[in-house]
2 protein chains.
Amino acid sequence: MIGVAINANLDILDMHGAAFATHAPELTILRPEEVADPQAVEFALTFRPPDDAFTPYPALKAVVSVAAGVDAILSCPSLPKDVPVLRVEDDDQALQMAGFAAFHVLWHHRRMDLHLEDQANEVWNRPISGRSPSERRVGVMGFGLMGRAVAKAIAALGYPTASLSRSLPEQPEPGVEHFVDRDRDAFLARSDILINVLPLTKATHGVMDADLFAALPQGACVVNLGRGEHLDEGALLAALESGQIAGASLDAFENEPLAEGHPFWSHPRVLVTPHTASAPESKGVVLSIKDGLRRLSDGDIGDDRLSRGY
Amino acid sequence: MIGVAINANLDILDMHGAAFATHAPELTILRPEEVADPQAVEFALTFRPPDDAFTPYPALKAVVSVAAGVDAILSCPSLPKDVPVLRVEDDDQALQMAGFAAFHVLWHHRRMDLHLEDQANEVWNRPISGRSPSERRVGVMGFGLMGRAVAKAIAALGYPTASLSRSLPEQPEPGVEHFVDRDRDAFLARSDILINVLPLTKATHGVMDADLFAALPQGACVVNLGRGEHLDEGALLAALESGQIAGASLDAFENEPLAEGHPFWSHPRVLVTPHTASAPESKGVVLSIKDGLRRLSDGDIGDDRLSRGY
C-alpha cells in the first residue's frame, strides 16, 4: 500500500520513518516529490497539512493523522469530504495523559506550589489537615481514549470523579459518574478540579470561557490538556483575578510557543508546561496506523472510531 | 470500654475527641488526670508516649496508635511485652499516600522541576520525547496497606512496578512484581525510581544508605515517604553529589522540623515536604480503632495485623 507523508511543520519520515520500516514494512511511504504516480497513492499521513496538501491525490482512501488530534486536518480546505480521517489511538499515550493529569490534580489539591515556596524560604509549614482525596471532586471533559484513561486514573486515587461527553459511553467506567452535555451545569457545579481533554472541533472551540468558569464552584482549579483554542485566555485571567478560579495548569496555548511576556508565564497561580502532556512514541504511532488501515480495508472500522475524526 | 489518652506532643482528645463522641460513643476515653481507677483502663491511645506512659495501668488489653506508625510506641520502655499494639489502618490515608507517591513519580520522570524553571525564565522548551511510563521502573519498599496502595496506583499509570517486602504477599497485586528481602539487589537494580513506605523498625532503621544507593541504577531517583530514620542523610547528599542519585523527594527527616540551613532545603535536586504525605482524618482514625478493639475482643485479629505492630 502506497502512502504520501505531507506535513507543514515537521518531516514525518524523519520522525517515524525508521519505525515504519521496522513495524510496517508492507507500507510504502513517499515524500510528495518522490511520488511518480499520484493515482497510486492510497493514503496520506499528516498532522498539519498545507492548504493544498490533498489536491494531487485523487485515489485517497484515508487521511491518517500521526497524532491523536485531527483538528488541523479537518480544517484543511483540500480535505476530500468522503475520505475517512484516522487518528492515532495509543494506549501508552493515554497513560502519559493520565499520569500528567494525576500530577496536576495533586499539584492543586495538595498545594504543592506552597510547599515549593516554603522550601525556597526554608520554612517548615505542616498542614493540619486537607489531604483526603474525598475533598476534591474532579471533572473530566471528554471521554474518548484520553478522557477514559484520565478519569480512571483519578478515580483510582480516590477522587470523586465525573466525566462529560456528548453521549453516555457504551461501557461505563466503574467509579466514574458520567454526565452528558445537556447536564453540563450539574457536571460543572460539582467539579472542584476541571480537566479538559476534549478534541478540538467547532463545537468545543472556546469551551473554557467565562460562562464555564462561573458555573464551577468558587475556588475551582482548571487543567487544560486539550488545545489552546479550547480556552478563552482573557476570561481565565479575569476569573483568576476575581478568585472564582483559584489556579490553573495549562499545557496548550492559542499561540505556541507561548509568547515572551504573556501574563501566564509569570502568574503565581498558573503552571505553564510546553504542550508536553502526552505524545505517542514512534512505535505506537506506526502500530496504530497499521491497525487503522487494516481495519479500514477490512471494513472493520466502527462508526465510533471514524466519527471521532469528524 | 474505658481507655486513656496519653501522648507527649499533641493532645489526642483535642484532635479526635469529637470524632470519638460521634462514631464510637461506647468508648470512654479519659485523660490520665481523669482516671479514678487505673485497674479499669483497658486500652491506651497514644502516638508518642512518654517513657512511663503505661506503668500506671496494669489491666491494659491493647495499646492503640492513633496513626499508621507505631515506632515510638514500640520503643517506649514501659510498653508491656504481652499487650498487642494496634495501628490505624485507614483506606483513605492509603489513597493519600498513593496520590502523593504518584505525584513524585511524575515529578521525577517528567522533570517537572525543569518545566517550573523554564516557566520562571519564560522559556518554551518542549521535550522531543521522554514521556512513556515504560521508561521508568518504579520500586516500592514496603507492602502493607500503604505499599500496596502506592504500588497499585503507580502500576495503574503504566509504570513497570515492583514491591519489596519480608515475605511474599498472600494476595499478589495484579501488575506488580513482588520481591522478598533476599532478592533485594535484583529489586534495587531494576528500580529507576525508589519509593520508601516501610514501617520504622530496628531492621529498617537506616535502610536508605550508601549501599542501597549504589545498588540502584545510576541516575535513579528516591522518594522517602516513611520515616527520617530510614534515611542516611549524609549518604544521600554524597550520592546526589556523585550523580549516582539524580533526584530525591523527602517528606520525613531525622529531626523535624528540618533545621534552617540544612543542605536539603536549598539542594536543586531535592524536593522537601513537611511530613505531609498522608494523615488519617479523625473519622478514619476512630473507625479503625473501633474496628481493631472489636476484633481484638472477638479474638478476630489475625497474626498479620498484630505482627505488623511488632
# chains A, B, ... in the order shown; residues from 1 in each chain; ligands from 1
>>> select_by_dssp(residues="stretch 31-148 of chain B", states="helix (DSSP H, G or I)", output="MDAnalysis selection string")
chainID B and resid 32:34 38:40 71:74 91:109 112:120 133:135 145:148
>>> write_last_selection(atoms="C-alpha atoms", output="CSV table (one decimal), in the first residue's frame")
chain,number,residue,atom,x,y,z
B,32,PRO,CA,-4.6,10.5,82.7
B,33,GLU,CA,-5.6,13.0,85.4
B,34,GLU,CA,-9.2,12.0,85.0
B,38,PRO,CA,-6.3,2.7,86.8
B,39,GLN,CA,-7.4,-1.0,87.0
B,40,ALA,CA,-10.4,-0.2,84.9
B,71,ASP,CA,7.7,3.0,66.1
B,72,ALA,CA,7.6,5.5,69.0
B,73,ILE,CA,5.3,3.1,70.9
B,74,LEU,CA,7.5,0.1,70.3
B,91,ASP,CA,-8.0,3.2,53.3
B,92,ASP,CA,-8.4,6.9,52.8
B,93,GLN,CA,-4.9,7.5,54.3
B,94,ALA,CA,-3.5,4.9,51.9
B,95,LEU,CA,-5.1,6.7,49.0
B,96,GLN,CA,-3.5,10.0,50.2
B,97,MET,CA,-0.2,8.2,50.2
B,98,ALA,CA,-0.8,6.7,46.7
B,99,GLY,CA,-1.6,10.1,45.3
B,100,PHE,CA,1.4,11.7,46.9
B,101,ALA,CA,3.7,9.0,45.6
B,102,ALA,CA,2.2,9.3,42.1
B,103,PHE,CA,2.9,13.0,42.2
B,104,HIS,CA,6.6,12.4,42.9
B,105,VAL,CA,7.0,9.7,40.3
B,106,LEU,CA,5.6,12.1,37.7
B,107,TRP,CA,7.7,14.9,39.2
B,108,HIS,CA,10.9,13.0,38.6
B,109,HIS,CA,10.0,11.1,35.4
B,112,MET,CA,8.6,18.9,36.3
B,113,ASP,CA,11.3,20.9,38.1
B,114,LEU,CA,12.7,21.9,34.7
B,115,HIS,CA,9.3,22.9,33.5
B,116,LEU,CA,9.0,25.2,36.5
B,117,GLU,CA,12.4,26.6,35.9
B,118,ASP,CA,11.6,27.2,32.2
B,119,GLN,CA,8.4,29.0,33.3
B,120,ALA,CA,10.3,31.2,35.6
B,133,PRO,CA,5.8,5.5,31.6
B,134,SER,CA,7.5,2.4,30.3
B,135,GLU,CA,10.8,4.3,30.6
B,145,LEU,CA,-1.6,-1.2,53.4
B,146,MET,CA,0.4,1.8,52.3
B,147,GLY,CA,2.8,-0.1,50.0
B,148,ARG,CA,0.0,-1.9,48.3
>>> select_by_dssp(residues="stretch 88-214 of chain A", states="strand (DSSP E or B)", output="list of chain:residue names")
A:Val138, A:Gly139, A:Val140, A:Met141, A:Thr161, A:Ala162, A:Ser163, A:Leu164, A:Ser165, A:Val176, A:Glu177, A:His178, A:Phe179, A:Val180, A:Ile193, A:Leu194, A:Ile195, A:Asn196, A:Met208
>>> residues_around(residues="stretch 45-54 of chain A", least_positions_apart="6", cutoff="9 Å", atoms="only C-alpha atoms", output="PyMOL selection string")
chain A and resi 3-10+12+29+60+62-67+69-73+75-80
>>> residues_around(residues="B:Gly139", least_positions_apart="6", cutoff="6 Å", atoms="only C-alpha atoms", output="list in words")
Thr161, Ala162, Ser163, Ser191 and Leu194 of chain B
>>> residues_around(residues="A:Val197", least_positions_apart="6", cutoff="12 Å", atoms="only C-alpha atoms", output="number ranges by chain")
A: 68-69, 94, 97-98, 100-101, 139-151, 163-165, 204, 207-208, 222-228, 230-231, 250-252, 277-278
>>> residues_around(residues="A:Glu260", least_positions_apart="4", cutoff="10 Å", atoms="only C-alpha atoms", output="number ranges by chain")
A: 264-265; B: 121-124
>>> write_last_selection(atoms="all heavy atoms", output="PDB file, in the first residue's frame")
ATOM      1  N   PHE A 264       0.516  34.579  31.447  1.00  0.00           N
ATOM      2  CA  PHE A 264       0.523  33.235  32.048  1.00  0.00           C
ATOM      3  C   PHE A 264       1.900  32.877  32.601  1.00  0.00           C
ATOM      4  O   PHE A 264       2.015  32.198  33.628  1.00  0.00           O
ATOM      5  CB  PHE A 264       0.105  32.174  31.027  1.00  0.00           C
ATOM      6  CG  PHE A 264      -1.363  32.158  30.699  1.00  0.00           C
ATOM      7  CD1 PHE A 264      -1.794  31.671  29.467  1.00  0.00           C
ATOM      8  CD2 PHE A 264      -2.322  32.601  31.601  1.00  0.00           C
ATOM      9  CE1 PHE A 264      -3.147  31.626  29.142  1.00  0.00           C
ATOM     10  CE2 PHE A 264      -3.681  32.568  31.286  1.00  0.00           C
ATOM     11  CZ  PHE A 264      -4.089  32.074  30.046  1.00  0.00           C
ATOM     12  N   TRP A 265       2.959  33.291  31.910  1.00  0.00           N
ATOM     13  CA  TRP A 265       4.308  32.906  32.338  1.00  0.00           C
ATOM     14  C   TRP A 265       4.552  33.273  33.805  1.00  0.00           C
ATOM     15  O   TRP A 265       5.097  32.484  34.570  1.00  0.00           O
ATOM     16  CB  TRP A 265       5.368  33.596  31.492  1.00  0.00           C
ATOM     17  CG  TRP A 265       5.657  33.048  30.123  1.00  0.00           C
ATOM     18  CD1 TRP A 265       5.559  33.726  28.944  1.00  0.00           C
ATOM     19  CD2 TRP A 265       6.158  31.739  29.780  1.00  0.00           C
ATOM     20  NE1 TRP A 265       5.955  32.935  27.891  1.00  0.00           N
ATOM     21  CE2 TRP A 265       6.326  31.704  28.372  1.00  0.00           C
ATOM     22  CE3 TRP A 265       6.465  30.588  30.519  1.00  0.00           C
ATOM     23  CZ2 TRP A 265       6.804  30.581  27.698  1.00  0.00           C
ATOM     24  CZ3 TRP A 265       6.937  29.470  29.842  1.00  0.00           C
ATOM     25  CH2 TRP A 265       7.098  29.467  28.458  1.00  0.00           C
TER      26      TRP A 265
ATOM     27  N   ASN B 121      11.764  31.392  33.708  1.00  0.00           N
ATOM     28  CA  ASN B 121      12.600  32.107  32.730  1.00  0.00           C
ATOM     29  C   ASN B 121      11.846  32.446  31.437  1.00  0.00           C
ATOM     30  O   ASN B 121      12.451  32.947  30.483  1.00  0.00           O
ATOM     31  CB  ASN B 121      13.818  31.244  32.369  1.00  0.00           C
ATOM     32  CG  ASN B 121      14.729  31.043  33.563  1.00  0.00           C
ATOM     33  OD1 ASN B 121      14.890  31.944  34.390  1.00  0.00           O
ATOM     34  ND2 ASN B 121      15.304  29.853  33.687  1.00  0.00           N
ATOM     35  N   GLU B 122      10.542  32.143  31.415  1.00  0.00           N
ATOM     36  CA  GLU B 122       9.717  32.369  30.218  1.00  0.00           C
ATOM     37  C   GLU B 122      10.324  31.691  28.986  1.00  0.00           C
ATOM     38  O   GLU B 122      10.374  32.259  27.897  1.00  0.00           O
ATOM     39  CB  GLU B 122       9.467  33.871  29.988  1.00  0.00           C
ATOM     40  CG  GLU B 122       8.906  34.553  31.234  1.00  0.00           C
ATOM     41  CD  GLU B 122       8.147  35.846  30.961  1.00  0.00           C
ATOM     42  OE1 GLU B 122       8.058  36.253  29.791  1.00  0.00           O
ATOM     43  OE2 GLU B 122       7.623  36.421  31.931  1.00  0.00           O
ATOM     44  N   VAL B 123      10.767  30.466  29.170  1.00  0.00           N
ATOM     45  CA  VAL B 123      11.371  29.702  28.073  1.00  0.00           C
ATOM     46  C   VAL B 123      10.456  28.531  27.703  1.00  0.00           C
ATOM     47  O   VAL B 123      10.049  27.753  28.563  1.00  0.00           O
ATOM     48  CB  VAL B 123      12.755  29.145  28.486  1.00  0.00           C
ATOM     49  CG1 VAL B 123      13.284  28.193  27.424  1.00  0.00           C
ATOM     50  CG2 VAL B 123      13.728  30.287  28.727  1.00  0.00           C
ATOM     51  N   TRP B 124      10.139  28.433  26.430  1.00  0.00           N
ATOM     52  CA  TRP B 124       9.340  27.320  25.893  1.00  0.00           C
ATOM     53  C   TRP B 124      10.304  26.246  25.450  1.00  0.00           C
ATOM     54  O   TRP B 124      11.012  26.405  24.460  1.00  0.00           O
ATOM     55  CB  TRP B 124       8.526  27.822  24.708  1.00  0.00           C
ATOM     56  CG  TRP B 124       7.616  26.805  24.075  1.00  0.00           C
ATOM     57  CD1 TRP B 124       7.918  25.948  23.051  1.00  0.00           C
ATOM     58  CD2 TRP B 124       6.245  26.568  24.396  1.00  0.00           C
ATOM     59  NE1 TRP B 124       6.826  25.194  22.728  1.00  0.00           N
ATOM     60  CE2 TRP B 124       5.783  25.553  23.521  1.00  0.00           C
ATOM     61  CE3 TRP B 124       5.361  27.112  25.334  1.00  0.00           C
ATOM     62  CZ2 TRP B 124       4.469  25.077  23.571  1.00  0.00           C
ATOM     63  CZ3 TRP B 124       4.062  26.637  25.371  1.00  0.00           C
ATOM     64  CH2 TRP B 124       3.618  25.628  24.512  1.00  0.00           C
TER      65      TRP B 124
END
>>> residues_around(residues="A:Ser167", least_positions_apart="4", cutoff="12 Å", atoms="only C-alpha atoms", output="CSV table (one decimal) with N, CA and C atoms, in the first residue's frame")
chain,number,residue,atom,x,y,z
A,142,GLY,N,-14.5,15.3,28.1
A,142,GLY,CA,-14.1,14.5,27.1
A,142,GLY,C,-14.0,13.1,27.6
A,143,PHE,N,-14.5,12.1,26.8
A,143,PHE,CA,-14.4,10.7,27.3
A,143,PHE,C,-14.2,9.8,26.2
A,144,GLY,N,-13.2,10.1,25.3
A,144,GLY,CA,-12.6,9.2,24.4
A,144,GLY,C,-11.5,8.4,25.1
A,163,SER,N,-17.3,12.4,34.4
A,163,SER,CA,-16.9,12.8,33.0
A,163,SER,C,-18.0,13.5,32.3
A,171,GLN,N,-19.6,1.6,27.4
A,171,GLN,CA,-19.1,0.9,28.6
A,171,GLN,C,-18.8,2.0,29.6
A,172,PRO,N,-19.7,2.0,30.7
A,172,PRO,CA,-19.4,3.0,31.8
A,172,PRO,C,-18.1,2.6,32.5
A,178,HIS,N,-21.0,9.6,34.9
A,178,HIS,CA,-21.0,10.1,33.6
A,178,HIS,C,-22.1,11.1,33.4
A,179,PHE,N,-21.7,12.3,32.9
A,179,PHE,CA,-22.7,13.3,32.5
A,179,PHE,C,-22.7,13.5,31.0
A,180,VAL,N,-23.8,13.9,30.4
A,180,VAL,CA,-23.9,14.3,29.0
A,180,VAL,C,-24.1,15.8,28.9
A,181,ASP,N,-23.9,16.3,27.7
A,181,ASP,CA,-23.8,17.8,27.5
A,181,ASP,C,-25.0,18.5,28.1
A,182,ARG,N,-26.2,17.9,28.0
A,182,ARG,CA,-27.4,18.7,28.5
A,182,ARG,C,-27.4,18.8,30.0
A,183,ASP,N,-26.5,18.0,30.7
A,183,ASP,CA,-26.4,18.2,32.1
A,183,ASP,C,-25.1,18.8,32.5
A,184,ARG,N,-24.6,19.7,31.6
A,184,ARG,CA,-23.3,20.3,31.8
A,184,ARG,C,-23.2,21.1,33.0
A,304,ASP,N,-17.9,4.5,15.6
A,304,ASP,CA,-17.3,5.2,16.7
A,304,ASP,C,-16.0,5.8,16.4
>>> closest_residue(among="B:Pro160, B:Pro174, B:Pro169, B:Gly130", to="chain A", atoms="only C-alpha atoms")
B:Gly130
>>> closest_residue(among="A:Met1, A:Ala24, A:Ala18, A:Val35", to="A:Ile289", atoms="only C-alpha atoms")
A:Ala24
